[in-house]
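Listing of input02.pdb; format and content: PDB, C-alpha atoms and all ligand atoms.
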```
ATOM      1  CA  MET A   1      15.710   0.507  23.136
ATOM      2  CA  ASP A   2      14.531  -2.989  22.522
ATOM      3  CA  VAL A   3      17.062  -5.783  22.852
ATOM      4  CA  PRO A   4      16.268  -8.342  20.203
ATOM      5  CA  GLN A   5      16.794 -12.044  20.151
ATOM      6  CA  PHE A   6      18.933 -13.442  17.387
ATOM      7  CA  LEU A   7      18.060 -16.706  15.804
ATOM      8  CA  PHE A   8      20.122 -18.776  13.464
ATOM      9  CA  GLY A   9      18.702 -20.816  10.669
ATOM     10  CA  GLN A  10      20.118 -24.005   9.309
ATOM     11  CA  ARG A  11      21.930 -22.453   6.408
ATOM     12  CA  GLY A  12      23.538 -19.701   8.410
ATOM     13  CA  ASN A  13      20.800 -17.227   7.569
ATOM     14  CA  TYR A  14      20.125 -14.856  10.411
ATOM     15  CA  GLN A  15      16.769 -14.036  11.866
ATOM     16  CA  LEU A  16      15.922 -11.558  14.548
ATOM     17  CA  ALA A  17      12.929 -11.577  16.884
ATOM     18  CA  ASP A  18      11.906  -8.431  18.736
ATOM     19  CA  SER A  19      10.323  -8.480  22.178
ATOM     20  CA  LYS A  20       6.838  -8.441  20.676
ATOM     21  CA  GLY A  21       7.521 -11.598  18.738
ATOM     22  CA  PHE A  22       7.894 -10.143  15.261
ATOM     23  CA  THR A  23      10.614 -11.810  13.251
ATOM     24  CA  TYR A  24      12.923 -10.245  10.703
ATOM     25  CA  ASN A  25      15.296 -11.528   8.075
ATOM     26  CA  LYS A  26      18.692  -9.972   7.678
ATOM     27  CA  ASP A  27      18.730  -7.655   4.715
ATOM     28  CA  LYS A  28      22.182  -6.090   4.581
ATOM     29  CA  THR A  29      24.899  -4.509   6.655
ATOM     30  CA  HIS A  30      26.296  -1.061   6.145
ATOM     31  CA  GLY A  31      29.171  -0.030   8.372
ATOM     32  CA  SER A  32      28.224  -0.927  11.924
ATOM     33  CA  LYS A  33      24.526  -1.012  11.066
ATOM     34  CA  THR A  34      22.582  -4.105  10.148
ATOM     35  CA  TYR A  35      19.286  -3.766   8.328
ATOM     36  CA  TRP A  36      16.446  -6.218   8.754
ATOM     37  CA  GLU A  37      13.136  -6.641   7.022
ATOM     38  CA  CYS A  38      10.001  -8.347   8.263
ATOM     39  CA  ALA A  39      10.125 -12.103   7.756
ATOM     40  CA  TYR A  40       6.623 -11.849   6.268
ATOM     41  CA  ARG A  41       7.441  -9.217   3.717
ATOM     42  CA  GLN A  42       6.704 -11.496   0.807
ATOM     43  CA  ARG A  43       3.713 -13.395   2.139
ATOM     44  CA  PHE A  44       1.879 -10.508   3.761
ATOM     45  CA  GLY A  45       3.455  -7.616   1.890
ATOM     46  CA  CYS A  46       4.658  -6.243   5.214
ATOM     47  CA  TYR A  47       7.243  -3.482   4.904
ATOM     48  CA  ALA A  48       8.176  -3.072   8.558
ATOM     49  CA  ARG A  49      11.956  -2.800   8.863
ATOM     50  CA  LEU A  50      14.484  -2.124  11.553
ATOM     51  CA  SER A  51      18.172  -1.576  11.972
ATOM     52  CA  THR A  52      20.526  -2.717  14.699
ATOM     53  CA  VAL A  53      23.887  -1.531  15.936
ATOM     54  CA  ALA A  54      25.891  -3.771  18.247
ATOM     55  CA  ASP A  55      22.926  -6.145  18.508
ATOM     56  CA  LYS A  56      20.531  -3.451  19.719
ATOM     57  CA  ILE A  57      17.575  -2.097  17.809
ATOM     58  CA  VAL A  58      18.256   1.525  16.987
ATOM     59  CA  HIS A  59      15.605   2.298  14.416
ATOM     60  CA  LEU A  60      12.176   0.933  13.610
ATOM     61  CA  LYS A  61      10.397   1.867  10.427
ATOM     62  CA  GLY A  62       6.843   1.097   9.399
ATOM     63  CA  SER A  63       4.342  -1.065  11.211
ATOM     64  CA  HIS A  64       3.371  -4.676  10.736
ATOM     65  CA  ASN A  65       0.172  -5.427   8.880
ATOM     66  CA  HIS A  66      -0.237  -8.812  10.542
ATOM     67  CA  PRO A  67      -0.269 -10.225  14.081
ATOM     68  CA  THR A  68       2.670 -11.961  15.667
ATOM     69  CA  PHE A  69       2.196 -15.597  16.320
ATOM     70  CA  ARG A  70       2.556 -15.085  20.027
ATOM     71  CA  GLN A  71      -0.359 -12.683  20.206
ATOM     72  CA  LYS A  72      -3.818 -13.944  21.017
ATOM     73  CA  VAL A  73      -6.029 -12.225  18.525
ATOM     74  CA  LYS A  74      -9.260 -12.944  16.781
ATOM     75  CA  ILE A  75      -8.511 -13.518  13.158
ATOM     76  CA  ASN A  76     -10.479 -14.917  10.296
ATOM     77  CA  VAL A  77     -10.208 -18.496   9.114
ATOM     78  CA  ASN A  78      -8.481 -17.638   5.836
ATOM     79  CA  LEU A  79      -5.686 -15.891   7.684
ATOM     80  CA  VAL A  80      -5.314 -18.854  10.033
ATOM     81  CA  VAL A  81      -4.913 -21.142   7.031
ATOM     82  CA  GLU A  82      -2.275 -18.793   5.619
ATOM     83  CA  ILE A  83      -0.433 -18.612   8.910
ATOM     84  CA  VAL A  84      -0.453 -22.367   9.385
ATOM     85  CA  THR A  85       0.837 -22.792   5.845
ATOM     86  CA  GLU A  86       3.554 -20.281   6.598
ATOM     87  CA  ILE A  87       4.503 -22.008   9.852
ATOM     88  CA  VAL A  88       4.780 -25.351   8.083
ATOM     89  CA  THR A  89       6.901 -23.723   5.389
ATOM     90  CA  GLU A  90       9.133 -22.100   8.003
ATOM     91  CA  ILE A  91       9.543 -25.345   9.937
ATOM     92  CA  ASP A  92      10.425 -27.076   6.718
ATOM     93  CA  LYS A  93      13.010 -24.416   5.930
ATOM     94  CA  ASN A  94      14.462 -24.095   9.424
ATOM     95  CA  LEU A  95      14.077 -27.238  11.419
ATOM     96  CA  ASP A  96      16.083 -25.816  14.284
ATOM     97  CA  LEU A  97      13.782 -22.804  14.758
ATOM     98  CA  ASN A  98      11.135 -23.471  17.380
ATOM     99  CA  LEU A  99       9.939 -19.919  17.248
ATOM    100  CA  PHE A 100       6.221 -20.456  17.155
ATOM    101  CA  PHE A 101       5.827 -23.102  19.807
TER     102      PHE A 101
HETATM  103 ZN    ZN B 201       5.624  -7.639   9.474
END
```

When written as structure tokens, how does the structure in this file appear?
Ligand SMILES: [Zn+2]
Amino acid sequence: MDVPQFLFGQRGNYQLADSKGFTYNKDKTHGSKTYWECAYRQRFGCYARLSTVADKIVHLKGSHNHPTFRQKVKINVNLVVEIVTEIVTEIDKNLDLNLFF
């Protein structure tokens, strides 16, 4: 399946980006499986999740209720403001993540 990209935040927190540009935060590990949840779970209430084994995506659950920041889509101004706020927050949190640029 999809081979994800692993990203590392400043405080050792893991993030994963799939080939479509969605990002996930590490949730937990169970045996050889690692579970991830959408990085925008809290802000957008997105419940898309996936699990990886040996750094490969083996299971994808749910769908994202928001665009990725690499997609060119027509979105309303309020959402743009939210996204920009989120990007600024993310940059502030993880200065070494140049994910959106
Ligand atoms: Zn999502």

Exercise. Once you count all atoms listed in the file, which residues end up within 12 Å of ligand ZN 201 (chain B), and could you hand them over as an MDAnalysis selection string?
Worked result: chainID A and resid 17:18 20:25 36:50 60:69

Problem set entry | Point-to-point distance in Å for CA of Ser19 (chain A) and CA of Lys33 (chain A) |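 One can read the CA of Lys33 (chain A) to CA of Ser19 (chain A) distance as 19.5 Å.
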
For this session: Just give me the gap between CA of Tyr35 (chain A) and CA of Val80 (chain A) in Å, one decimal is fine.
Result: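 Atom-to-atom, CA of Tyr35 (chain A) to CA of Val80 (chain A), that is 28.9 Å.
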
Problem set entry | Test item: the PyMOL selection byres (((chain A and resi 3) around 10) and not hetatm) resolved as a ChimeraX atom specification | /A:1-2,4-6,17-19,52,55-58

For this session: Have a look at CA of Tyr14 (chain A) and CA of Thr89 (chain A) and let me know their distance in Å, one decimal.
Result: 16.7 Å

Go ahead and fit an axis-aligned box to every listed atom of region 20-25 of chain A plus 4 Å each side, and pass me the centre and edge lengths in Å, one decimal, as AutoDock Vina command-line options.
```
--center_x 11.1 --center_y -10.1 --center_z 14.4 --size_x 16.5 --size_y 11.4 --size_z 20.6
```

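For Gly31 (chain A), the residues within 12 Å (counting all atoms listed in the file, excluding itself and residues fewer than 3 positions away along the chain) are Lys28, Thr34, Tyr35, Ser51, Thr52, Val53 and Ala54 of chain A.
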
Please supply region 31-67 of chain A, rebuilt with N, CA and C atoms, as a short mmCIF file (atom, residue, chain, number, x, y, z; two decimals), in the frame of the given file.
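The result, stored in out.cif:
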```
data_model
loop_
_atom_site.label_atom_id
_atom_site.label_comp_id
_atom_site.auth_asym_id
_atom_site.auth_seq_id
_atom_site.Cartn_x
_atom_site.Cartn_y
_atom_site.Cartn_z
N GLY A 31 28.38 -0.50 7.25
CA GLY A 31 29.17 -0.03 8.37
C GLY A 31 28.84 -0.87 9.59
N SER A 32 28.53 -0.21 10.70
CA SER A 32 28.22 -0.93 11.92
C SER A 32 26.73 -1.27 12.01
N LYS A 33 25.97 -0.82 11.03
CA LYS A 33 24.53 -1.01 11.07
C LYS A 33 24.11 -2.26 10.28
N THR A 34 23.17 -2.98 10.86
CA THR A 34 22.58 -4.11 10.15
C THR A 34 21.11 -3.81 9.90
N TYR A 35 20.67 -4.04 8.70
CA TYR A 35 19.29 -3.77 8.33
C TYR A 35 18.51 -5.07 8.21
N TRP A 36 17.30 -5.03 8.74
CA TRP A 36 16.45 -6.22 8.75
C TRP A 36 15.10 -5.87 8.15
N GLU A 37 14.50 -6.85 7.50
CA GLU A 37 13.14 -6.64 7.02
C GLU A 37 12.24 -7.75 7.56
N CYS A 38 10.96 -7.41 7.69
CA CYS A 38 10.00 -8.35 8.26
C CYS A 38 10.08 -9.69 7.54
N ALA A 39 10.04 -10.76 8.33
CA ALA A 39 10.12 -12.10 7.76
C ALA A 39 8.91 -12.40 6.88
N TYR A 40 7.85 -11.59 7.03
CA TYR A 40 6.62 -11.85 6.27
C TYR A 40 6.41 -10.82 5.18
N ARG A 41 7.50 -10.21 4.78
CA ARG A 41 7.44 -9.22 3.72
C ARG A 41 6.78 -9.79 2.46
N GLN A 42 7.23 -10.95 2.06
CA GLN A 42 6.70 -11.50 0.81
C GLN A 42 5.28 -12.03 0.96
N ARG A 43 5.03 -12.78 2.01
CA ARG A 43 3.71 -13.40 2.14
C ARG A 43 2.63 -12.37 2.45
N PHE A 44 2.91 -11.46 3.35
CA PHE A 44 1.88 -10.51 3.76
C PHE A 44 2.10 -9.12 3.18
N GLY A 45 3.16 -8.94 2.42
CA GLY A 45 3.46 -7.62 1.89
C GLY A 45 3.73 -6.62 3.00
N CYS A 46 4.40 -7.09 4.06
CA CYS A 46 4.66 -6.24 5.21
C CYS A 46 6.01 -5.55 5.05
N TYR A 47 6.01 -4.24 5.15
CA TYR A 47 7.24 -3.48 4.90
C TYR A 47 7.87 -2.91 6.17
N ALA A 48 7.53 -3.50 7.32
CA ALA A 48 8.18 -3.07 8.56
C ALA A 48 9.65 -3.48 8.50
N ARG A 49 10.52 -2.54 8.89
CA ARG A 49 11.96 -2.80 8.86
C ARG A 49 12.58 -2.28 10.15
N LEU A 50 13.76 -2.74 10.45
CA LEU A 50 14.48 -2.12 11.55
C LEU A 50 15.97 -2.25 11.31
N SER A 51 16.72 -1.48 12.07
CA SER A 51 18.17 -1.58 11.97
C SER A 51 18.74 -1.77 13.37
N THR A 52 19.86 -2.46 13.43
CA THR A 52 20.53 -2.72 14.70
C THR A 52 21.97 -2.25 14.62
N VAL A 53 22.47 -1.82 15.77
CA VAL A 53 23.89 -1.53 15.94
C VAL A 53 24.33 -2.25 17.21
N ALA A 54 25.38 -3.01 17.10
CA ALA A 54 25.89 -3.77 18.25
C ALA A 54 24.77 -4.59 18.89
N ASP A 55 23.99 -5.24 18.07
CA ASP A 55 22.93 -6.14 18.51
C ASP A 55 21.80 -5.46 19.27
N LYS A 56 21.67 -4.15 19.11
CA LYS A 56 20.53 -3.45 19.72
C LYS A 56 19.73 -2.74 18.63
N ILE A 57 18.42 -2.76 18.79
CA ILE A 57 17.58 -2.10 17.81
C ILE A 57 17.70 -0.59 17.97
N VAL A 58 18.08 0.08 16.91
CA VAL A 58 18.26 1.52 16.99
C VAL A 58 17.20 2.27 16.18
N HIS A 59 16.58 1.61 15.24
CA HIS A 59 15.60 2.30 14.42
C HIS A 59 14.55 1.32 13.93
N LEU A 60 13.30 1.75 14.03
CA LEU A 60 12.18 0.93 13.61
C LEU A 60 11.37 1.74 12.61
N LYS A 61 11.07 1.13 11.49
CA LYS A 61 10.40 1.87 10.43
C LYS A 61 9.19 1.08 9.95
N GLY A 62 8.06 1.76 9.86
CA GLY A 62 6.84 1.10 9.40
C GLY A 62 6.20 0.28 10.49
N SER A 63 5.00 -0.21 10.23
CA SER A 63 4.34 -1.06 11.21
C SER A 63 3.87 -2.34 10.52
N HIS A 64 3.74 -3.38 11.29
CA HIS A 64 3.37 -4.68 10.74
C HIS A 64 1.89 -4.70 10.39
N ASN A 65 1.57 -5.32 9.28
CA ASN A 65 0.17 -5.43 8.88
C ASN A 65 -0.40 -6.81 9.19
N HIS A 66 0.19 -7.46 10.18
CA HIS A 66 -0.24 -8.81 10.54
C HIS A 66 0.07 -9.01 12.02
N PRO A 67 -0.58 -9.97 12.67
CA PRO A 67 -0.27 -10.22 14.08
C PRO A 67 1.01 -11.03 14.22
#
```
